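K.L.:
Provided herewith: model_34.txt, compact mmCIF, C-alpha atoms.
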```
# COMPACT_ATOMS: atom_id res chain seq x y z
CA MET A 27 -32.91 -5.34 21.05
CA LEU A 28 -31.31 -5.06 17.63
CA ASP A 29 -28.16 -3.61 19.20
CA LEU A 30 -28.06 -6.52 21.63
CA ILE A 31 -28.24 -9.06 18.80
CA ALA A 32 -25.57 -7.10 16.92
CA ALA A 33 -23.31 -7.07 19.98
CA GLY A 34 -23.86 -10.80 20.39
CA LEU A 35 -22.93 -11.48 16.77
CA ILE A 36 -19.81 -9.29 16.98
CA GLY A 37 -18.77 -10.98 20.22
CA PHE A 38 -19.36 -14.42 18.70
CA GLY A 39 -17.31 -13.40 15.66
CA THR A 40 -14.47 -12.27 17.93
CA VAL A 41 -14.47 -15.72 19.55
CA PHE A 42 -13.85 -17.22 16.10
CA PHE A 43 -10.95 -14.83 15.53
CA ILE A 44 -9.45 -15.81 18.91
CA ALA A 45 -9.91 -19.49 18.05
CA GLY A 46 -8.18 -18.92 14.72
CA THR A 47 -5.29 -17.15 16.44
CA VAL A 48 -4.92 -19.96 18.97
CA GLY A 49 -4.93 -22.41 16.08
CA LEU A 50 -2.24 -20.40 14.33
CA LEU A 51 -0.08 -20.51 17.45
CA ARG A 52 -0.70 -24.10 18.53
CA PHE A 53 -1.17 -26.22 15.42
CA PRO A 54 1.87 -28.21 14.31
CA ASP A 55 2.32 -27.48 10.58
CA ILE A 56 1.45 -24.83 8.03
CA PHE A 57 -1.55 -26.67 6.56
CA CYS A 58 -3.32 -27.10 9.90
CA ARG A 59 -2.58 -23.48 10.71
CA LEU A 60 -3.98 -22.31 7.38
CA HIS A 61 -7.04 -24.47 7.95
CA ALA A 62 -7.63 -22.89 11.36
CA LEU A 63 -7.01 -19.36 10.10
CA THR A 64 -9.07 -19.38 6.92
CA LYS A 65 -12.06 -21.20 8.40
CA ALA A 66 -12.19 -19.32 11.68
CA ASP A 67 -11.47 -15.88 10.25
CA GLY A 68 -13.89 -16.32 7.38
CA LEU A 69 -16.73 -17.17 9.71
CA GLY A 70 -15.60 -14.62 12.31
CA LEU A 71 -15.55 -11.81 9.76
CA ALA A 72 -18.97 -12.87 8.43
CA LEU A 73 -20.45 -12.73 11.95
CA ILE A 74 -18.85 -9.34 12.71
CA ALA A 75 -19.99 -7.95 9.34
CA LEU A 76 -23.52 -9.21 10.05
CA GLY A 77 -23.47 -7.60 13.48
CA VAL A 78 -22.23 -4.26 12.13
CA ALA A 79 -24.76 -4.42 9.27
CA LEU A 80 -27.54 -4.67 11.87
CA MET A 81 -26.29 -1.48 13.54
CA VAL A 82 -25.91 0.82 10.51
CA GLY A 83 -28.90 2.78 9.27
CA THR A 84 -28.99 2.69 5.50
CA TRP A 85 -29.07 -0.03 2.87
CA ALA A 86 -26.17 1.62 1.05
CA GLU A 87 -23.93 1.00 4.06
CA VAL A 88 -25.18 -2.57 4.41
CA PHE A 89 -24.31 -3.09 0.74
CA ARG A 90 -20.80 -1.72 1.29
CA ILE A 91 -20.26 -3.98 4.30
CA ALA A 92 -21.45 -6.94 2.23
CA LEU A 93 -18.97 -5.97 -0.50
CA ILE A 94 -16.12 -5.72 2.04
CA TRP A 95 -17.01 -9.14 3.44
CA PHE A 96 -17.19 -10.66 -0.04
CA PHE A 97 -13.83 -9.34 -1.22
CA VAL A 98 -12.01 -10.09 2.04
CA ALA A 99 -13.41 -13.64 1.93
CA VAL A 100 -12.31 -14.12 -1.70
CA ALA A 101 -8.87 -12.62 -1.04
CA SER A 102 -8.44 -14.70 2.10
CA ALA A 103 -9.38 -17.93 0.31
CA THR A 104 -7.04 -17.11 -2.60
CA SER A 105 -4.07 -16.23 -0.39
CA GLY A 106 -4.70 -19.35 1.69
CA HIS A 107 -4.53 -21.41 -1.48
CA LEU A 108 -1.38 -19.60 -2.66
CA ILE A 109 0.42 -20.11 0.66
CA ALA A 110 -0.53 -23.79 0.75
CA ALA A 111 0.53 -24.31 -2.89
CA HIS A 112 3.85 -22.57 -2.27
CA ALA A 113 4.47 -24.56 0.91
CA ARG A 114 3.75 -27.87 -0.84
CA GLN A 115 5.94 -26.88 -3.77
CA SER A 116 8.95 -25.95 -1.64
CA MET A 117 8.57 -28.86 0.76
CA PRO A 118 10.90 -31.47 -0.83
CA GLN A 119 13.85 -29.05 -0.74
CA THR A 120 13.41 -27.28 2.56
CA GLY A 121 11.52 -29.84 4.61
CA GLU A 122 8.98 -28.15 6.81
CA ALA A 123 8.36 -24.69 5.40
CA ASP A 124 6.39 -23.44 8.34
CA ASP A 125 8.45 -20.47 9.36
CA MET B 16 -10.14 12.65 29.22
CA THR B 17 -12.81 10.08 29.96
CA ASP B 18 -13.01 8.85 26.39
CA PRO B 19 -13.94 5.16 26.62
CA LEU B 20 -11.72 4.51 23.61
CA ILE B 21 -8.61 5.72 25.48
CA LEU B 22 -7.77 2.12 26.38
CA PHE B 23 -8.01 1.16 22.71
CA ASP B 24 -5.78 4.11 21.78
CA LEU B 25 -3.18 3.13 24.37
CA LEU B 26 -3.16 -0.48 23.14
CA LEU B 27 -2.88 0.77 19.56
CA ALA B 28 0.08 3.02 20.41
CA LEU B 29 1.78 0.14 22.25
CA ALA B 30 1.18 -2.23 19.34
CA ILE B 31 2.61 0.25 16.81
CA THR B 32 5.72 0.82 18.93
CA ALA B 33 6.18 -2.91 19.50
CA LEU B 34 5.73 -3.65 15.77
CA ALA B 35 8.25 -0.94 14.84
CA MET B 36 10.77 -2.48 17.23
CA ALA B 37 10.02 -5.98 15.94
CA VAL B 38 10.63 -4.87 12.34
CA MET B 39 14.09 -3.68 13.33
CA ALA B 40 14.87 -6.61 15.61
CA VAL B 41 13.79 -9.58 13.51
CA ARG B 42 16.57 -11.17 11.43
CA ASP B 43 14.51 -12.91 8.75
CA MET B 44 13.86 -10.37 6.01
CA PHE B 45 10.54 -11.92 4.94
CA ALA B 46 9.29 -11.71 8.52
CA ALA B 47 10.48 -8.09 8.70
CA ILE B 48 8.49 -7.20 5.58
CA VAL B 49 5.35 -8.90 6.89
CA LEU B 50 5.75 -7.09 10.20
CA PHE B 51 6.23 -3.82 8.31
CA ILE B 52 2.95 -4.40 6.45
CA ILE B 53 1.14 -5.06 9.74
CA PHE B 54 2.82 -1.95 11.15
CA GLY B 55 1.42 0.05 8.22
CA LEU B 56 -2.11 -1.27 8.78
CA PHE B 57 -1.98 -0.34 12.45
CA SER B 58 -0.64 3.11 11.51
CA ALA B 59 -3.60 3.54 9.15
CA LEU B 60 -5.88 2.65 12.06
CA ALA B 61 -4.08 5.24 14.20
CA TRP B 62 -4.67 7.90 11.53
CA VAL B 63 -8.37 7.00 11.57
CA ARG B 64 -8.37 7.49 15.35
CA LEU B 65 -6.68 10.88 14.83
CA SER B 66 -9.59 11.85 12.50
CA ALA B 67 -7.34 11.95 9.45
CA PRO B 68 -9.06 9.56 6.99
CA ASP B 69 -7.10 11.00 4.02
CA VAL B 70 -3.79 10.08 5.59
CA ALA B 71 -5.21 6.73 6.68
CA LEU B 72 -6.23 5.92 3.09
CA ALA B 73 -2.82 6.98 1.78
CA GLU B 74 -1.01 4.97 4.45
CA ALA B 75 -3.11 1.87 3.78
CA ALA B 76 -2.88 2.09 -0.03
CA ILE B 77 0.65 3.43 -0.63
CA GLY B 78 2.54 3.00 2.65
CA THR B 79 1.27 -0.53 3.24
CA GLY B 80 -0.13 -2.03 0.06
CA VAL B 81 2.16 -0.83 -2.70
CA THR B 82 5.28 -0.51 -0.52
CA GLY B 83 4.72 -4.00 0.89
CA ALA B 84 4.41 -5.40 -2.63
CA LEU B 85 7.57 -3.53 -3.71
CA LEU B 86 9.52 -4.86 -0.72
CA LEU B 87 8.38 -8.44 -1.32
CA LYS B 88 9.25 -8.18 -5.01
CA THR B 89 12.69 -6.81 -4.10
CA LEU B 90 13.26 -9.65 -1.65
CA HIS B 91 12.29 -12.18 -4.30
CA HIS B 92 14.66 -10.44 -6.69
CA ILE B 93 17.71 -10.48 -4.41
CA ARG B 94 17.00 -13.99 -3.11
CA HIS B 95 16.17 -15.87 -6.29
CA VAL B 96 17.06 -13.77 -9.31
CA THR B 97 20.31 -11.90 -8.77
CA GLY B 98 21.34 -14.08 -5.85
CA THR B 99 22.82 -11.07 -4.06
CA LEU B 100 21.91 -12.62 -0.75
CA GLY B 101 23.88 -15.77 -1.50
CA ARG B 102 22.75 -19.35 -1.76
CA GLN B 103 22.60 -19.94 1.97
CA ASP B 104 19.94 -17.32 2.59
CA ALA B 105 18.00 -18.22 -0.52
CA VAL B 106 17.52 -21.83 0.57
CA SER B 107 16.92 -21.48 4.28
CA GLN B 108 14.25 -19.15 5.50
CA THR B 109 16.47 -17.74 8.23
CA PRO B 110 20.15 -17.01 7.75
CA ALA B 111 22.44 -19.63 9.22
CA SER B 112 24.49 -17.13 11.18
CA PRO B 113 22.54 -14.48 13.06
CA VAL B 114 24.76 -11.64 11.77
CA PRO B 115 26.15 -12.32 8.27
CA MET B 116 28.66 -9.45 8.36
CA PRO B 117 29.41 -7.55 11.58
CA VAL B 118 28.74 -3.84 11.35
CA PRO B 119 31.68 -1.76 12.64
CA MET B 120 31.08 -0.27 16.06
CA PRO B 121 31.75 3.35 14.96
CA VAL B 122 28.99 3.01 12.35
CA ILE B 123 26.58 1.75 14.97
CA TRP B 124 27.48 4.59 17.33
CA ALA B 125 27.21 7.20 14.59
CA ASN B 126 23.77 5.86 13.62
CA ALA B 127 22.68 5.84 17.26
CA ALA B 128 23.91 9.43 17.69
CA PHE B 129 22.02 10.65 14.60
CA CYS B 130 18.84 8.81 15.61
CA GLY B 131 19.17 10.31 19.09
CA LEU B 132 19.58 13.79 17.63
CA ILE B 133 16.46 13.35 15.48
CA THR B 134 14.47 12.10 18.47
CA LEU B 135 15.76 15.02 20.54
CA GLY B 136 14.82 17.49 17.81
CA LEU B 137 11.33 16.02 17.54
CA ALA B 138 10.92 16.17 21.32
CA VAL B 139 12.05 19.83 21.39
CA ALA B 140 9.68 20.68 18.52
CA PHE B 141 6.80 18.86 20.20
CA LEU B 142 7.38 20.46 23.62
CA GLY B 143 7.98 23.88 22.07
CA ALA B 144 4.79 23.82 20.00
CA PRO B 145 1.91 25.93 21.32
CA GLN B 146 -0.38 23.71 23.37
CA ALA B 147 -3.80 23.18 21.77
CA GLY B 148 -3.20 26.02 19.34
CA PRO B 149 -5.72 26.84 16.64
CA GLY B 150 -3.60 25.34 13.86
CA PHE B 151 -4.44 26.25 10.29
CA ASP B 152 -8.06 25.04 10.41
CA ALA B 153 -9.52 28.55 10.54
CA LEU B 154 -7.25 29.85 7.77
CA VAL B 155 -8.17 26.94 5.48
CA ALA B 156 -11.87 27.29 6.30
CA ASP B 157 -11.72 31.00 5.41
CA ALA B 158 -10.04 30.30 2.09
CA MET B 159 -12.27 27.35 1.11
CA PRO B 160 -14.64 29.39 -1.12
CA ALA B 161 -11.64 30.42 -3.23
CA SER B 162 -10.43 26.85 -3.74
CA GLY B 163 -13.07 25.47 -6.11
CA VAL B 164 -13.49 22.17 -4.20
CA ASP B 165 -15.44 21.18 -1.10
CA HIS B 166 -12.89 19.03 0.72
CA PRO B 167 -10.29 20.95 2.77
CA VAL B 168 -7.53 18.37 2.25
CA THR B 169 -7.95 18.45 -1.53
CA ALA B 170 -8.05 22.26 -1.43
CA VAL B 171 -4.72 22.32 0.44
CA LEU B 172 -3.06 19.62 -1.70
CA LEU B 173 -4.16 20.74 -5.14
CA ASN B 174 -4.61 24.48 -4.66
CA PHE B 175 -3.11 26.16 -1.59
CA ARG B 176 0.15 24.20 -1.67
CA ALA B 177 -0.06 22.67 -5.12
CA TYR B 178 3.67 23.28 -5.64
CA ASP B 179 4.52 20.68 -2.94
CA THR B 180 2.17 18.18 -4.54
CA LEU B 181 3.76 18.77 -7.95
CA MET B 182 7.14 18.01 -6.38
CA GLU B 183 5.75 14.77 -4.91
CA VAL B 184 4.70 13.69 -8.41
CA VAL B 185 8.17 14.66 -9.68
CA VAL B 186 9.73 12.42 -7.01
CA LEU B 187 7.79 9.44 -8.38
CA LEU B 188 8.86 10.32 -11.93
CA ALA B 189 12.49 10.56 -10.82
CA ALA B 190 12.18 7.19 -9.07
CA VAL B 191 10.92 5.35 -12.14
CA ILE B 192 13.52 7.02 -14.41
CA THR B 193 16.25 5.95 -11.98
CA VAL B 194 14.96 2.38 -11.78
CA TRP B 195 14.78 2.09 -15.57
CA GLN B 196 18.34 3.40 -15.79
CA ILE B 197 20.12 1.38 -13.10
CA GLU B 198 18.20 -1.84 -13.75
CA ARG B 199 19.35 -1.86 -17.36
CA GLY B 200 22.14 -4.32 -16.63
CA LEU B 201 20.17 -6.66 -14.38
CA SER B 202 18.38 -9.77 -15.49
CA ASP B 203 14.74 -9.54 -16.40
CA ALA B 204 12.72 -10.79 -13.45
CA PRO B 205 9.07 -11.49 -14.09
CA ALA B 206 6.97 -12.05 -11.00
CA PRO B 207 6.56 -15.76 -10.19
CA ALA B 208 3.57 -17.44 -11.80
CA LEU B 209 0.74 -17.83 -9.33
CA GLY B 210 -1.50 -20.30 -11.11
CA GLU B 211 -5.10 -20.55 -12.19
CA VAL B 212 -6.74 -19.80 -8.86
CA PHE B 213 -5.05 -16.41 -8.75
CA GLN B 214 -6.11 -15.72 -12.34
CA GLY B 215 -9.71 -16.38 -11.37
CA PHE B 216 -9.25 -14.10 -8.37
CA ALA B 217 -7.84 -11.43 -10.70
CA ARG B 218 -10.79 -11.65 -13.09
CA LEU B 219 -13.19 -11.35 -10.18
CA THR B 220 -11.52 -8.44 -8.40
CA LEU B 221 -10.05 -6.34 -11.23
CA PRO B 222 -13.34 -4.65 -12.24
CA ALA B 223 -14.01 -3.84 -8.59
CA ILE B 224 -10.51 -2.35 -8.10
CA VAL B 225 -10.94 -0.16 -11.18
CA VAL B 226 -14.29 1.10 -9.90
CA LEU B 227 -12.87 1.68 -6.41
CA GLY B 228 -9.82 3.60 -7.66
CA THR B 229 -11.90 5.82 -9.92
CA TYR B 230 -14.39 6.38 -7.10
CA LEU B 231 -11.60 7.43 -4.72
CA LEU B 232 -10.32 9.90 -7.33
CA TRP B 233 -13.76 11.35 -8.08
CA LYS B 234 -14.81 11.52 -4.44
CA GLY B 235 -11.60 13.43 -3.57
CA ALA B 236 -13.18 16.78 -4.47
CA GLU B 237 -15.66 16.60 -1.61
CA ALA B 238 -14.59 13.79 0.76
CA PRO B 239 -11.44 11.86 1.77
CA GLY B 240 -9.76 10.38 -1.27
CA GLY B 241 -7.89 11.82 -4.21
CA ALA B 242 -5.14 11.30 -6.74
CA PHE B 243 -2.59 9.49 -4.58
CA GLN B 244 -5.07 7.11 -2.97
CA GLY B 245 -6.88 6.46 -6.24
CA GLY B 246 -3.58 6.08 -8.07
CA ALA B 247 -2.28 3.54 -5.55
CA VAL B 248 -5.49 1.51 -5.82
CA LEU B 249 -5.30 1.61 -9.62
CA ALA B 250 -1.63 0.59 -9.38
CA ALA B 251 -2.95 -2.55 -7.69
CA VAL B 252 -4.69 -3.29 -11.01
CA GLY B 253 -1.28 -3.31 -12.64
CA LEU B 254 0.18 -5.48 -9.88
CA VAL B 255 -2.61 -8.05 -10.15
CA LEU B 256 -2.34 -8.06 -13.96
CA LEU B 257 1.42 -8.60 -13.76
CA LEU B 258 1.14 -11.30 -11.07
CA ALA B 259 -1.62 -13.14 -12.93
CA ARG B 260 0.39 -12.87 -16.18
CA LEU B 261 -2.70 -11.37 -17.77
CA TYR B 262 -0.44 -8.57 -18.95
CA VAL B 263 3.15 -9.18 -20.01
CA PRO B 264 5.15 -5.98 -20.63
CA GLN B 265 6.65 -5.80 -24.11
CA PRO B 266 9.44 -3.57 -25.39
CA SER B 267 6.97 -1.99 -27.80
CA HIS B 268 5.00 -0.69 -24.81
CA ARG B 269 7.91 1.42 -23.60
CA PRO B 270 6.91 4.65 -25.43
CA VAL B 271 3.35 4.43 -24.05
CA ALA B 272 4.72 3.84 -20.55
CA ARG B 273 7.09 6.81 -20.86
CA TRP B 274 4.22 9.07 -21.91
CA ALA B 275 2.14 7.80 -18.99
CA PHE B 276 5.03 8.48 -16.56
CA VAL B 277 5.36 12.16 -17.55
CA LEU B 278 1.64 12.76 -18.20
CA GLY B 279 0.82 13.81 -14.60
CA THR B 280 3.89 15.98 -14.04
CA GLY B 281 3.60 17.55 -17.48
CA ALA B 282 -0.10 18.32 -17.24
CA PHE B 283 0.25 19.63 -13.68
CA ALA B 284 3.11 21.96 -14.62
CA ALA B 285 1.41 23.02 -17.87
CA VAL B 286 -1.83 23.97 -16.07
CA ALA B 287 0.14 25.79 -13.36
CA LEU B 288 1.97 27.87 -15.96
CA LEU B 289 -0.95 28.39 -18.36
CA VAL B 290 -3.18 29.98 -15.70
CA THR B 291 -0.61 32.75 -15.18
CA GLY B 292 -1.10 36.12 -16.77
CA GLY B 293 -3.79 38.73 -16.22
CA GLY B 294 -2.54 39.46 -12.71
CA ARG B 295 -2.42 35.79 -11.65
CA VAL B 296 0.70 33.91 -10.60
CA ALA B 297 1.46 30.24 -11.26
CA PHE B 298 -0.97 27.75 -9.64
CA GLN B 299 -3.56 30.54 -9.14
CA TYR B 300 -6.48 28.91 -10.94
CA PRO B 301 -9.30 31.20 -12.08
CA LEU B 302 -12.15 30.50 -9.67
CA GLU B 303 -14.81 29.61 -12.25
CA HIS B 304 -12.57 26.88 -13.71
CA ALA B 305 -10.86 25.82 -10.48
CA LYS B 306 -12.83 22.61 -9.92
CA THR B 307 -12.49 21.51 -13.55
CA LEU B 308 -8.76 22.20 -13.55
CA ILE B 309 -8.21 20.45 -10.21
CA LEU B 310 -10.15 17.37 -11.34
CA LEU B 311 -8.26 17.36 -14.65
CA ILE B 312 -4.89 17.53 -12.86
CA GLU B 313 -5.98 14.86 -10.38
CA ALA B 314 -7.19 12.51 -13.12
CA LEU B 315 -3.98 12.78 -15.15
CA VAL B 316 -1.78 12.57 -12.03
CA THR B 317 -3.73 9.47 -10.98
CA ILE B 318 -2.93 7.77 -14.30
CA SER B 319 0.75 8.64 -13.90
CA ILE B 320 0.89 7.44 -10.29
CA ALA B 321 -0.84 4.17 -11.16
CA VAL B 322 1.40 3.41 -14.15
CA THR B 323 4.57 4.53 -12.33
CA LEU B 324 3.91 2.40 -9.24
CA ALA B 325 3.05 -0.63 -11.38
CA ALA B 326 6.24 -0.08 -13.42
CA LEU B 327 8.29 0.18 -10.22
CA PHE B 328 6.78 -3.14 -9.13
CA HIS B 329 7.74 -4.76 -12.42
CA GLY B 330 11.25 -3.40 -11.90
CA ARG B 331 13.34 -2.99 -14.98
CA GLU B 332 12.01 -1.78 -18.30
CA PRO B 333 10.77 -4.55 -20.60
CA VAL B 334 13.48 -5.72 -22.99
CA ALA B 335 13.27 -7.79 -26.13
CA LEU B 336 14.17 -11.44 -25.72
CA ARG B 337 16.35 -12.72 -28.52
CA VAL B 338 15.83 -16.14 -30.00
CA ASP B 339 18.95 -17.49 -28.30
CA GLY B 340 17.58 -16.47 -24.91
CA GLY B 341 19.81 -13.44 -24.51
CA ARG B 342 18.58 -9.91 -24.21
CA ASP B 343 18.48 -7.10 -26.69
CA ASP B 344 19.21 -4.00 -24.70
CA THR B 345 18.85 -1.51 -27.49
```
I'd like the structure from this file rewritten - as structure tokens, please.
P.N.:
Amino acid sequence: MLDLIAAGLIGFGTVFFIAGTVGLLRFPDIFCRLHALTKADGLGLALIALGVALMVGTWAEVFRIALIWFFVAVASATSGHLIAAHARQSMPQTGEADD
Amino acid sequence: MTDPLILFDLLLALAITALAMAVMAVRDMFAAIVLFIIFGLFSALAWVRLSAPDVALAEAAIGTGVTGALLLKTLHHIRHVTGTLGRQDAVSQTPASPVPMPVPMPVIWANAAFCGLITLGLAVAFLGAPQAGPGFDALVADAMPASGVDHPVTAVLLNFRAYDTLMEVVVLLAAVITVWQIERGLSDAPAPALGEVFQGFARLTLPAIVVLGTYLLWKGAEAPGGAFQGGAVLAAVGLVLLLARLYVPQPSHRPVARWAFVLGTGAFAAVALLVTGGGRVAFQYPLEHAKTLILLIEALVTISIAVTLAALFHGREPVALRVDGGRDDT
């Protein structure tokens, strides 16, 4: 039963990753793409981490997974901000910096 | 043969090959570096699948993390600081002409011939190797009690073939000496300022990186981890400090940095030589002190690796800025 819930959560998280990837490929400019990526991947990773945490045995491992989720989420938010700030900064000179 | 993960392995192998080809094929250098970083992450995953977590950690930390940062810093340097790439490339993300300078055909053919020879040699070596041979697992397992540590990889790296590992540390030392020599004439290039959000990120993550790097070093005696992985993670501390401008290298720090560069190599070589005598040769640690000596060497080598990699990321040695904006290269 627990494994089934875990599998469901991981599958649901994967859907968010796929949605984020589709957003990255289909959205018109860098800000929309960042929006899709950071939101979808943040939630997707949280769901997958939750699913994996249900499957592992010990609290120590759950704690490590929580730490991984926390630092990936913080790093992802920070790099999203940095990319957006850089893109906005370099926009007047280069036009659309969405390479 | 009926491993359910075989499909995953095949996809992984295909992805690694495709990424390697994409790195070579793509014209935009920034895209090539990003692809190279992704290539490194997939390689780390492949090492995990090959049950080699030590190599996976090293590939992820050094081959992907630090190397990726070094490549990006170099690109920034040649695009915006020295302008080696020219104005055209610095402004537009992709070069205007697909091939800036045509490579002579003989050079291409010579490169292709050498690459072909290497591939041929690898194929011959692979096909000539004994199929499913025992390898060195049994030999290492037999010698483990004499090593002083509990993790086979650490035993091999720091005891059985410690001379190779010493040479790897020497390579890093040579690299940083070379960079500090040849970069003497170039302009000082601090990393671009990243703003307050990154500084907050740095304050949040730095303690965790320090703990993680030390943990990797300490854990290396009995589980995957060790000096190179721990050193690379601790080098990330230096990178984040430099990027967040929380630490600005000063000329007065040069002596400390020089000592830190040679600390690992010096201590490693000193221990190797000091244990000789009484019937022992160099690197033959006395068994009762083996674990202490190995941990001591690893700790000092870790400091050297961390400082050296961070210094390589910063590039040239810190020079004094004169009041008129020029440099004092003395």
K.L.:
Report the distance between atom CA of Gly241 of chain B and atom CA of Thr84 of chain A in Å, rounded to one decimal place.
P.N.:
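Atom-to-atom, atom CA of Gly241 of chain B to atom CA of Thr84 of chain A, that is 25.0 Å.
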K.L.:
Here's a test: counting all atoms listed in the file, identify every protein, DNA and RNA residue with an atom at most 12 Å from (-18.8, -10.8, 11.0) in the file's coordinate frame, and state them as an mmCIF file with C-alpha atoms, keeping the file's coordinate frame.
P.N.:
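Result saved to point_7.cif:
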```
data_model
loop_
_atom_site.group_PDB
_atom_site.id
_atom_site.type_symbol
_atom_site.label_atom_id
_atom_site.label_comp_id
_atom_site.auth_asym_id
_atom_site.auth_seq_id
_atom_site.Cartn_x
_atom_site.Cartn_y
_atom_site.Cartn_z
ATOM 1 C CA ALA A 32 -25.570 -7.100 16.920
ATOM 2 C CA ALA A 33 -23.310 -7.070 19.980
ATOM 3 C CA GLY A 34 -23.860 -10.800 20.390
ATOM 4 C CA LEU A 35 -22.930 -11.480 16.770
ATOM 5 C CA ILE A 36 -19.810 -9.290 16.980
ATOM 6 C CA GLY A 37 -18.770 -10.980 20.220
ATOM 7 C CA PHE A 38 -19.360 -14.420 18.700
ATOM 8 C CA GLY A 39 -17.310 -13.400 15.660
ATOM 9 C CA THR A 40 -14.470 -12.270 17.930
ATOM 10 C CA VAL A 41 -14.470 -15.720 19.550
ATOM 11 C CA PHE A 42 -13.850 -17.220 16.100
ATOM 12 C CA PHE A 43 -10.950 -14.830 15.530
ATOM 13 C CA ALA A 66 -12.190 -19.320 11.680
ATOM 14 C CA ASP A 67 -11.470 -15.880 10.250
ATOM 15 C CA GLY A 68 -13.890 -16.320 7.380
ATOM 16 C CA LEU A 69 -16.730 -17.170 9.710
ATOM 17 C CA GLY A 70 -15.600 -14.620 12.310
ATOM 18 C CA LEU A 71 -15.550 -11.810 9.760
ATOM 19 C CA ALA A 72 -18.970 -12.870 8.430
ATOM 20 C CA LEU A 73 -20.450 -12.730 11.950
ATOM 21 C CA ILE A 74 -18.850 -9.340 12.710
ATOM 22 C CA ALA A 75 -19.990 -7.950 9.340
ATOM 23 C CA LEU A 76 -23.520 -9.210 10.050
ATOM 24 C CA GLY A 77 -23.470 -7.600 13.480
ATOM 25 C CA VAL A 78 -22.230 -4.260 12.130
ATOM 26 C CA ALA A 79 -24.760 -4.420 9.270
ATOM 27 C CA LEU A 80 -27.540 -4.670 11.870
ATOM 28 C CA ILE A 91 -20.260 -3.980 4.300
ATOM 29 C CA ALA A 92 -21.450 -6.940 2.230
ATOM 30 C CA ILE A 94 -16.120 -5.720 2.040
ATOM 31 C CA TRP A 95 -17.010 -9.140 3.440
ATOM 32 C CA PHE A 96 -17.190 -10.660 -0.040
ATOM 33 C CA VAL A 98 -12.010 -10.090 2.040
ATOM 34 C CA ALA A 99 -13.410 -13.640 1.930
#
```
K.L.:
Take atom CA of Trp124 of chain B and atom CA of Leu34 of chain B and report the distance between them in Å, one decimal.
P.N.:
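Answer for the atom CA of Trp124 of chain B to atom CA of Leu34 of chain B separation: 23.3 Å.
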K.L.:
What is the distance, in Å and to one decimal place, between atom CA of Val164 of chain B and atom CA of Leu289 of chain B?
P.N.:
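Computing the Euclidean distance for atom CA of Val164 of chain B and atom CA of Leu289 of chain B yields 19.9 Å.
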K.L.:
Env of Leu85 of chain B: 12 Å cut, atoms = only C-alpha atoms, seq-sep filter 3 positions within chain, self excluded. Answer as a VMD selection string.
P.N.:
chain B and resid 48 52 77 to 82 88 to 92 206 250 to 251 254 324 to 330
K.L.:
Build an axis-aligned box that encloses every atom of segment 311-322 of chain B listed in the file, pad it by 4 Å on each side, and report its centre and edge lengths in Å to one decimal, as lines of an AutoDock Vina configuration file.
P.N.:
```
center_x = -3.4
center_y = 10.5
center_z = -12.7
size_x = 17.7
size_y = 22.1
size_z = 12.9
```
K.L.:
With only C-alpha atoms as the counted atoms, please give the residues lying no more than 7 Å from segment 310-323 of chain B, apart from itself and same-chain residues fewer than 6 positions off, as an NGL selection string.
P.N.:
:B and (191 or 242-243 or 245-247 or 249-250 or 275-280 or 282-283)
K.L.:
Pull the closest atom pair for each residue of segment 32-63 of chain A that gets at most 8 Å from segment 106-119 of chain A, along with the distance in Å to one decimal, counting all atoms listed in the file, ordering rows by chain and then ascending residue number, as a tab-separated table.
P.N.:
```
residue	atom	partner	partner_atom	distance
A:Ile56	CA	A:Ala110	CA	7.6
A:Phe57	CA	A:Ala110	CA	6.6
A:Leu60	CA	A:Gly106	CA	6.5
```
